[in-house]
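Enquirer: Below is the structure I would like to discuss, written out as structure tokens.
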Number of protein chains: 2
Amino acid sequence: MADTAFVNKAKQTLRDNGYKLTGPRLMILEFMLESERHYSMKEICCGLQKKFSGIGTATVYRNVNLFLKLGIFRTSPVNNNQFYYTVNQPGDRHHHMICLKCGTRVEFNSCSFAFIAKEIENKTHFEIYDHTLEVYGLCPGCLAKKKDIARNRTAD
Amino acid sequence: MADTAFVNKAKQTLRDNGYKLTGPRLMILEFMLESERHYSMKEICCGLQKKFSGIGTATVYRNVNLFLKLGIFRTSPVNNNQFYYTVNQPGDRHHHMICLKCGTRVEFNSCSFAFIAKEIENKTHFEIYDHTLEVYGLCPGCLAKKKDIARNRTAD
DNA sequence: ATCGTTGCAAAAGTTTTGCACTCAA
DNA sequence: TTGAGTGCAAAACTTTTGCAACGAT
């Protein structure tokens, strides 16, 4: 059901780094894989405590941060002031369109990034491993609303 | 000394949105413009309280967040778990190279983004206002060290 | 059997709020 | 003159830590 390949790879990463395969760690993994959404820390804590009562907040914090360190999870910044956590799928291109009005987040693929990557490597002499591209604007829905408002001369 | 054009534009933005031009607000602006670095909220609070004793923490929080809302400041995510604040210069392209080893942050320009922007607008039907591109990898210095280590067969 | 991991509760740290006073417009 | 903005202190919220008990290896 949950992404077995991902779980196995995570287990291996834990083992390789000398960490144990404990109940709470597997719960957290399972929870995050159930729907591969972006969760705030609070959502993860609440969600897990509802599902598996008995898991402590400290444990969630400790392990989410551990998973982050091991690259099993990653964060993405939302609204200038909060981090959301998500499963770090290797194929993820980490490109997001974020609506400035309603906060909608859309993940998209950009096939042109490889092209830009080369340009960046030449310019900075860094060796590129990964990247995130966050694009801010108005989603089609809010764009339509904005045009309506302009048409009716109504204030925001 | 401080970026007068930026200050004037910020003042105008405040006025346009019905906010007053107060002492603390100008202090915060001045502080952030002194060196256009990325500051954590704590650094801003401490720095300001050292420079202009008497400015309250609540005031700093209130106004940094106000400036964020008005687009006078912006944040950038650092190390998966903290936001840093900086002056939002209109010319900023918001492209960063971050070294995974030593944390060095390099700002660079990518002339190709306009090309990708078009592609994204077509794909998502969003109207693009702004973006940030965070690229992770190894900086030239750490790359060199890594090669040394490989050569000497020394563990990390 | 050992030692990393856990849950709990307390501590520490961060951000927000309530309020009387102040000051920009 | 007056309401938005301020500093302060308290409250609320978030994250970390200390520790005895537990359980994966």
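Just so we're on the same page: first chain in the structure tokens is A, next is B, and so on; residues restart at 1 for each chain, and ligands are numbered from 1 in the order they show up.
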By least-squares superposition of chain B on chain A, using all C-alpha atoms in order, what RMSD in Å to one decimal is obtained?
Expert: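 Computed value for the CA RMSD is 0.4 Å.
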Enquirer: Give me, as a list in words, the residues of chain C touching chain A, with the criterion being at most 10 Å (counting only C-alpha atoms (C1' of nucleotides)).
Expert: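 The selection requested is DG4, DT5, DT6, DG7 and DC8 of chain C.
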Enquirer: Chain A residues within 7 Å of chain B, counting only C-alpha atoms: which ones, as a compact mmCIF listing (two decimals) with all heavy atoms, in the first residue's frame?
Expert:
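The file below, result.txt, is the result:
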```txt
# COMPACT_ATOMS: atom_id res chain seq x y z
N THR A 75 12.15 19.85 3.37
CA THR A 75 11.19 20.90 3.67
C THR A 75 10.95 21.73 2.44
O THR A 75 11.76 21.76 1.53
CB THR A 75 11.71 21.86 4.75
OG1 THR A 75 12.96 22.38 4.33
CG2 THR A 75 11.84 21.18 6.07
N PRO A 77 9.51 25.87 1.82
CA PRO A 77 9.08 27.08 2.49
C PRO A 77 7.73 27.51 1.95
O PRO A 77 7.48 27.43 0.75
CB PRO A 77 10.15 28.09 2.09
CG PRO A 77 10.71 27.59 0.81
CD PRO A 77 10.49 26.12 0.77
N ASN A 80 6.51 32.60 3.07
CA ASN A 80 7.52 33.45 3.70
C ASN A 80 7.78 33.16 5.16
O ASN A 80 8.63 33.78 5.75
CB ASN A 80 7.11 34.92 3.60
CG ASN A 80 7.76 35.60 2.43
OD1 ASN A 80 8.83 35.19 1.99
ND2 ASN A 80 7.13 36.61 1.90
N ASN A 81 7.00 32.27 5.79
CA ASN A 81 7.21 32.15 7.23
C ASN A 81 6.94 30.78 7.84
O ASN A 81 6.93 30.64 9.05
CB ASN A 81 6.40 33.20 7.98
CG ASN A 81 4.93 33.08 7.64
OD1 ASN A 81 4.50 32.03 7.16
ND2 ASN A 81 4.16 34.11 7.88
N PHE A 83 7.72 26.35 7.39
CA PHE A 83 8.25 25.22 6.63
C PHE A 83 7.26 24.09 6.63
O PHE A 83 6.61 23.80 7.63
CB PHE A 83 9.56 24.73 7.23
CG PHE A 83 10.71 25.59 6.85
CD1 PHE A 83 11.25 26.49 7.74
CD2 PHE A 83 11.24 25.52 5.58
CE1 PHE A 83 12.31 27.31 7.37
CE2 PHE A 83 12.30 26.33 5.20
CZ PHE A 83 12.84 27.22 6.10
N SER A 112 13.41 22.37 -18.67
CA SER A 112 14.53 23.23 -19.07
C SER A 112 15.58 23.39 -17.98
O SER A 112 16.58 24.07 -18.18
CB SER A 112 14.02 24.61 -19.44
OG SER A 112 12.85 24.51 -20.18
N ILE A 116 19.65 25.31 -17.54
CA ILE A 116 20.06 26.35 -16.60
C ILE A 116 21.17 25.84 -15.68
O ILE A 116 22.09 26.56 -15.34
CB ILE A 116 18.84 26.82 -15.78
CG1 ILE A 116 17.87 27.56 -16.69
CG2 ILE A 116 19.27 27.70 -14.64
CD1 ILE A 116 16.94 28.49 -15.96
N HIS A 125 30.98 27.64 -10.50
CA HIS A 125 31.92 26.54 -10.27
C HIS A 125 31.50 25.65 -9.11
O HIS A 125 32.33 25.03 -8.46
CB HIS A 125 33.35 27.08 -10.07
CG HIS A 125 33.79 27.97 -11.18
ND1 HIS A 125 34.12 27.50 -12.43
CD2 HIS A 125 33.90 29.31 -11.26
CE1 HIS A 125 34.43 28.52 -13.21
NE2 HIS A 125 34.31 29.64 -12.52
N PHE A 126 30.22 25.62 -8.81
CA PHE A 126 29.68 24.68 -7.85
C PHE A 126 29.38 23.38 -8.59
O PHE A 126 29.20 23.38 -9.82
CB PHE A 126 28.35 25.18 -7.29
CG PHE A 126 28.45 26.04 -6.06
CD1 PHE A 126 29.10 27.27 -6.12
CD2 PHE A 126 27.86 25.65 -4.87
CE1 PHE A 126 29.17 28.10 -5.00
CE2 PHE A 126 27.92 26.47 -3.75
CZ PHE A 126 28.57 27.69 -3.81
N GLU A 127 29.29 22.28 -7.82
CA GLU A 127 28.78 21.03 -8.40
C GLU A 127 27.36 20.88 -7.88
O GLU A 127 27.13 20.83 -6.68
CB GLU A 127 29.65 19.86 -7.95
CG GLU A 127 29.25 18.54 -8.56
CD GLU A 127 30.25 17.44 -8.19
OE1 GLU A 127 31.43 17.53 -8.62
OE2 GLU A 127 29.86 16.52 -7.45
N ILE A 128 26.38 20.84 -8.79
CA ILE A 128 24.98 20.87 -8.40
C ILE A 128 24.45 19.49 -8.06
O ILE A 128 24.65 18.54 -8.79
CB ILE A 128 24.13 21.49 -9.52
CG1 ILE A 128 24.56 22.95 -9.72
CG2 ILE A 128 22.65 21.39 -9.21
CD1 ILE A 128 23.84 23.63 -10.85
N TYR A 129 23.77 19.39 -6.89
CA TYR A 129 23.16 18.14 -6.48
C TYR A 129 21.65 18.20 -6.56
O TYR A 129 21.00 17.21 -6.82
CB TYR A 129 23.56 17.80 -5.04
CG TYR A 129 24.97 17.31 -4.88
CD1 TYR A 129 25.83 17.28 -5.98
CD2 TYR A 129 25.45 16.87 -3.65
CE1 TYR A 129 27.13 16.83 -5.85
CE2 TYR A 129 26.74 16.41 -3.51
CZ TYR A 129 27.59 16.39 -4.61
OH TYR A 129 28.86 15.95 -4.47
N ASP A 130 21.10 19.35 -6.25
CA ASP A 130 19.65 19.43 -6.08
C ASP A 130 19.24 20.90 -6.16
O ASP A 130 20.08 21.79 -6.09
CB ASP A 130 19.29 18.89 -4.69
CG ASP A 130 17.81 18.56 -4.58
OD1 ASP A 130 17.11 18.62 -5.62
OD2 ASP A 130 17.37 18.24 -3.47
N HIS A 131 17.93 21.13 -6.28
CA HIS A 131 17.49 22.52 -6.30
C HIS A 131 15.99 22.61 -6.01
O HIS A 131 15.28 21.61 -6.11
CB HIS A 131 17.74 23.13 -7.68
CG HIS A 131 16.83 22.58 -8.73
ND1 HIS A 131 17.11 21.41 -9.38
CD2 HIS A 131 15.64 23.00 -9.19
CE1 HIS A 131 16.12 21.16 -10.22
NE2 HIS A 131 15.20 22.11 -10.12
N THR A 132 15.54 23.79 -5.61
CA THR A 132 14.11 24.05 -5.55
C THR A 132 13.83 25.36 -6.26
O THR A 132 14.60 26.30 -6.15
CB THR A 132 13.58 24.17 -4.11
OG1 THR A 132 14.19 25.30 -3.50
CG2 THR A 132 13.85 22.94 -3.30
N LEU A 133 12.73 25.39 -6.95
CA LEU A 133 12.32 26.59 -7.64
C LEU A 133 10.92 26.93 -7.15
O LEU A 133 10.01 26.13 -7.30
CB LEU A 133 12.31 26.33 -9.16
CG LEU A 133 11.76 27.44 -10.06
CD1 LEU A 133 12.53 28.73 -9.89
CD2 LEU A 133 11.83 27.00 -11.52
N GLU A 134 10.79 28.09 -6.51
CA GLU A 134 9.48 28.51 -5.99
C GLU A 134 9.05 29.71 -6.81
O GLU A 134 9.73 30.74 -6.81
CB GLU A 134 9.57 28.91 -4.53
CG GLU A 134 10.30 27.92 -3.64
CD GLU A 134 9.37 26.87 -3.04
OE1 GLU A 134 8.21 27.20 -2.75
OE2 GLU A 134 9.80 25.72 -2.89
N VAL A 135 7.95 29.57 -7.50
CA VAL A 135 7.48 30.66 -8.34
C VAL A 135 6.19 31.21 -7.74
O VAL A 135 5.29 30.45 -7.40
CB VAL A 135 7.23 30.17 -9.78
CG1 VAL A 135 6.84 31.33 -10.67
CG2 VAL A 135 8.47 29.49 -10.32
N TYR A 136 6.13 32.53 -7.57
CA TYR A 136 4.98 33.15 -6.95
C TYR A 136 4.18 33.92 -7.99
O TYR A 136 4.75 34.54 -8.88
CB TYR A 136 5.44 34.11 -5.85
CG TYR A 136 6.24 33.40 -4.80
CD1 TYR A 136 7.62 33.32 -4.88
CD2 TYR A 136 5.60 32.76 -3.76
CE1 TYR A 136 8.35 32.63 -3.93
CE2 TYR A 136 6.32 32.07 -2.80
CZ TYR A 136 7.70 32.02 -2.89
OH TYR A 136 8.40 31.32 -1.95
N GLY A 137 2.87 33.86 -7.86
CA GLY A 137 2.04 34.60 -8.80
C GLY A 137 0.58 34.42 -8.47
O GLY A 137 0.23 34.17 -7.32
N LEU A 138 -0.27 34.56 -9.45
CA LEU A 138 -1.70 34.37 -9.24
C LEU A 138 -2.17 33.14 -10.00
O LEU A 138 -1.81 32.96 -11.17
CB LEU A 138 -2.48 35.60 -9.71
CG LEU A 138 -2.28 36.87 -8.90
CD1 LEU A 138 -3.15 38.00 -9.44
CD2 LEU A 138 -2.59 36.63 -7.42
N CYS A 139 -2.96 32.32 -9.33
CA CYS A 139 -3.48 31.12 -9.97
C CYS A 139 -4.62 31.52 -10.90
O CYS A 139 -5.17 32.62 -10.78
CB CYS A 139 -3.95 30.12 -8.93
SG CYS A 139 -5.45 30.61 -8.09
N PRO A 140 -5.00 30.66 -11.82
CA PRO A 140 -6.05 31.01 -12.78
C PRO A 140 -7.31 31.50 -12.09
O PRO A 140 -7.91 32.49 -12.53
CB PRO A 140 -6.29 29.68 -13.50
CG PRO A 140 -5.02 28.93 -13.38
CD PRO A 140 -4.43 29.33 -12.06
```
Enquirer: Run DSSP on the backbone and give me the residues of stretch 37-133 of chain A it puts in alpha helix (DSSP H), as a count of residues only.
Expert: 36
Enquirer: So that I can check the surroundings of D:DT1, please list as a VMD selection string every protein, DNA and RNA residue that reaches within 12 Å of it, counting only C-alpha atoms (C1' of nucleotides) and ignoring chain neighbours fewer than 4 positions away.
Expert: chain C and resid 23 to 25
Enquirer: Export N, CA, C and O atoms (P, O5', C5', C4', C3', O3' and C1' of nucleotides) of the chosen residues as a PDB file, in the first residue's frame?
Expert:
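Now in out.pdb:
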```pdb
ATOM      1  P    DC C  23       6.608  60.276  22.502  1.00  0.00           P
ATOM      2  O5'  DC C  23       6.175  60.295  20.977  1.00  0.00           O
ATOM      3  C5'  DC C  23       6.185  59.097  20.198  1.00  0.00           C
ATOM      4  C4'  DC C  23       5.432  59.361  18.907  1.00  0.00           C
ATOM      5  C3'  DC C  23       5.673  60.766  18.343  1.00  0.00           C
ATOM      6  O3'  DC C  23       5.569  60.642  16.945  1.00  0.00           O
ATOM      7  C1'  DC C  23       3.412  60.494  18.718  1.00  0.00           C
ATOM      8  P    DA C  24       6.717  60.992  15.930  1.00  0.00           P
ATOM      9  O5'  DA C  24       6.010  60.784  14.521  1.00  0.00           O
ATOM     10  C5'  DA C  24       5.690  59.459  14.093  1.00  0.00           C
ATOM     11  C4'  DA C  24       4.496  59.499  13.172  1.00  0.00           C
ATOM     12  C3'  DA C  24       4.570  60.506  12.029  1.00  0.00           C
ATOM     13  O3'  DA C  24       3.991  59.873  10.902  1.00  0.00           O
ATOM     14  C1'  DA C  24       2.727  61.053  13.433  1.00  0.00           C
ATOM     15  P    DA C  25       3.810  60.607   9.524  1.00  0.00           P
ATOM     16  O5'  DA C  25       2.321  61.147   9.631  1.00  0.00           O
ATOM     17  C5'  DA C  25       1.253  60.216   9.498  1.00  0.00           C
ATOM     18  C4'  DA C  25      -0.044  60.994   9.488  1.00  0.00           C
ATOM     19  C3'  DA C  25      -0.089  62.109   8.451  1.00  0.00           C
ATOM     20  O3'  DA C  25      -1.320  62.048   7.761  1.00  0.00           O
ATOM     21  C1'  DA C  25      -0.600  62.971  10.583  1.00  0.00           C
TER      22       DA C  25
END
```
